[in-house]
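First up is the structure itself, then whatever we jot down about it.
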Amino acid sequence: MMRTSLPPLLAILASAALLGGCRDADERSFHDGAAEREAFEKRYNREVLQKLEGEREALEEGLAGELGDKERQEKRDELDRVLRRLERPAFFERLEESDLPADLEWVTNLDDPDIGSPDAIKGGTLHGALPGFSFPRSIRAVGKEANNSFRSYHLDDVEMALTGIHPNTRNIIPALADRWAVAADGQSVYFHIDDEARWSDGREVTSGDFLMTMYIYLSDYLTPAFYRNYYGEQYWGIASYGPDHLCVRLAFPKPIAPYFASIAPFQEHFYREFGPDFEERYNWRVRPTTGAYVIREEDVVKGRSISQTRVEDWWARDRKYYRNRFNPDRIEYKLIQDENKMFQMFLLGDIDLIRVGEAKRWYEDLEHENVFDGYIERAEFYNVYPRPSYGLYFNLTRPGLDDRDVRIGLQHATNWEKVIEVEFRGDMERLNLLNDGYAGVSDPSLRTRPFSVGKAREAFARAGFDREGPDGILRNAAGERLSFELNYSKGPVNDRIVSKLKEEARRAGVEYRLDGMDGSASFQKNLKKEHEVTFMGWGTGQAMIPDFYQQFHSKEAYQEDGKTVRPMTNNISVFADQEVDPILERNRNARSMEEVIETSRELERIFHERAVWVPAFKSTSYRVAYWRWVGWPEDFNVMMSDLPTMQHVHWIDVERKKETLEAMRRGEAFEEQNLVFDQFREE
């Protein structure tokens, strides 16, 4: 699932409100969901079979009629696919280890380099701040408002799935599974769960935990429809083969099939109360983890802080790829709702490190005696990573924004070049693509429309806005002003960015009415499709292949009637085109990297031609300031890292902290450190 990208450079000011109103889990009577789960699996299997039989009948009937050659071949291919699935129609299967295919070729990968440094030190506490300057509304792994700015910190960057991605080589590496096998069909992937894999509460990780994941994802008890749609459409089923083996069946053969089939488990014991009130019952319930850090009950202080504690005797602590990572004993995230206050707390040593996205902060504010004396160090690291798609997103259902010429005009009227020059002092680059940073996939030749007052006014005139009012804003023959509400997450940096955009847009005769909101409220407004234009960015984590589907497919835009806007999906543009849908489907269901590249580039050209958004900026590096007791590998970090702490290769040197604090008391200085790591810099 895509998640919003809320990096420090786009300061987001949010309140800690909406913490009340939920009954705590311990106030609720115990609900045993085992029988309901069993009934759901049987019912779901029956419904899948009935649907497949109906599709077969319809396809066979269609093939008996008059068809053109192309349509006939398409129906034959679809019928072949339905017949193949009918050979094994059940989505949920519980089998024995003896039922495993005998011809599987099991593979693993222990040949890639270690991740992190062998010099890493275990122990200490890392002090940080909650992202987005707001307190999360939930610590659930899934469901309503789980996709918040804290999600990656407690879930994506910590929890383990069946396999992982090596952040320097991009190869598949073991995680909860120590070996895997791809069947001859290219879409059935078998896994063996590591014999030592354990939850933080000591229970073994079993195949049943992964069946629980699929049960939860497919349930109607989750508010977001994404899970039901994605896992129901992109997977053919999941099977346990005893407690130690499982098979995940993809709906289509995939390149890098073990990557797509890799899912994270939901512990059967913890989620045994899953039911109609799941999102309230589990909203603040701390869950066991397979990863290195767990949130304990006492670690959540609502409205103030959330902490993570390293799991004692973590099962993977000595495993290759994990032994040099997840080093601090504890990570504390405090709620700091003011960016300047956070920076002052950092300078005082109350926060150990900050990512610095604001140019003024980097070039001016860090010209500080603690930097000159070597107590605080600075580093810039060039990464290779899917770039967050920052920009202005249009709601295509709103008057004016349903006109392509108006949208083209807005692209030319939005002066991101000025923002990059003034706010970022030229350190950012203009973004051109929705999905930039996918090595070998992203199209380097495509260029977005540049700022141009003349071209903007030409486009607006084609749309009928060809006369200027007394306030300088263009009007059409009906007297309607060229004016749009611009929603954004309010904060010092964002305030300056959108104010500059508004000022520059007036030169082209268009008005942006600024609508700054709390970050969470802004995101919810977008998901409900209540915005006109919004400034935001999407991030996709360590995705290997772009996914355009959830942002642009018609199913994510409208309800089944094709008229009612579907809320709470990632298609915030409400883009719907029956001719583009098949290309989106081909892209998501691509069977080869060649098809991924072809369809991805075709889609980028389509969305450029349709002018569905205004690409903003990107950075090919990140900057971090940190106290010298924060340790890093010799090459600082890994290639696929979007935040300095994302892959957890850092550590806290408690002795060096004592040395630093003592030197500060004595007035002794260290050598100033301004470091640049460009080993992964792309030309």
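Chain lettering (A, B, ...) mirrors the order of the structure tokens, residue numbering begins at 1 for each chain separately, and ligand numbering begins at 1 in order of display.
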
Next item on the list: Using only C-alpha atoms, determine which residues lie at most 9 Å from His154 (chain A), disregarding the query and same-chain residues fewer than 4 positions distant; provide the list as an MDAnalysis selection string.
Entry: chainID A and resid 139 141 150 158:159 293:295 308

Can you tell me, as a PyMOL selection string, what residues are no more than 12 Å from region 362-374 of chain A when counting only C-alpha atoms, ignoring any on the same chain fewer than 6 positions away? chain A and resi 9+340+343-344+346-349+354-356+380+423-425+427+622-629+660-661+663-664+667-674

Here CA of Ser573 (chain A) and CA of Phe451 (chain A) stand apart by 21.7 Å

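Ranking A:Glu57, A:Asp352, A:Glu662, A:Glu312 by their shortest atom-to-atom distance to Ile331 (chain A), with only C-alpha atoms included, puts A:Asp352 first.
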
Query raised in the report: Can you tell me, as a PyMOL selection string, what residues are no more than 10 Å from Tyr282 (chain A) when counting only C-alpha atoms, ignoring any on the same chain fewer than 3 positions away?
Result: chain A and resi 22-25+138-143+270-271+273-274+277-279+285-287
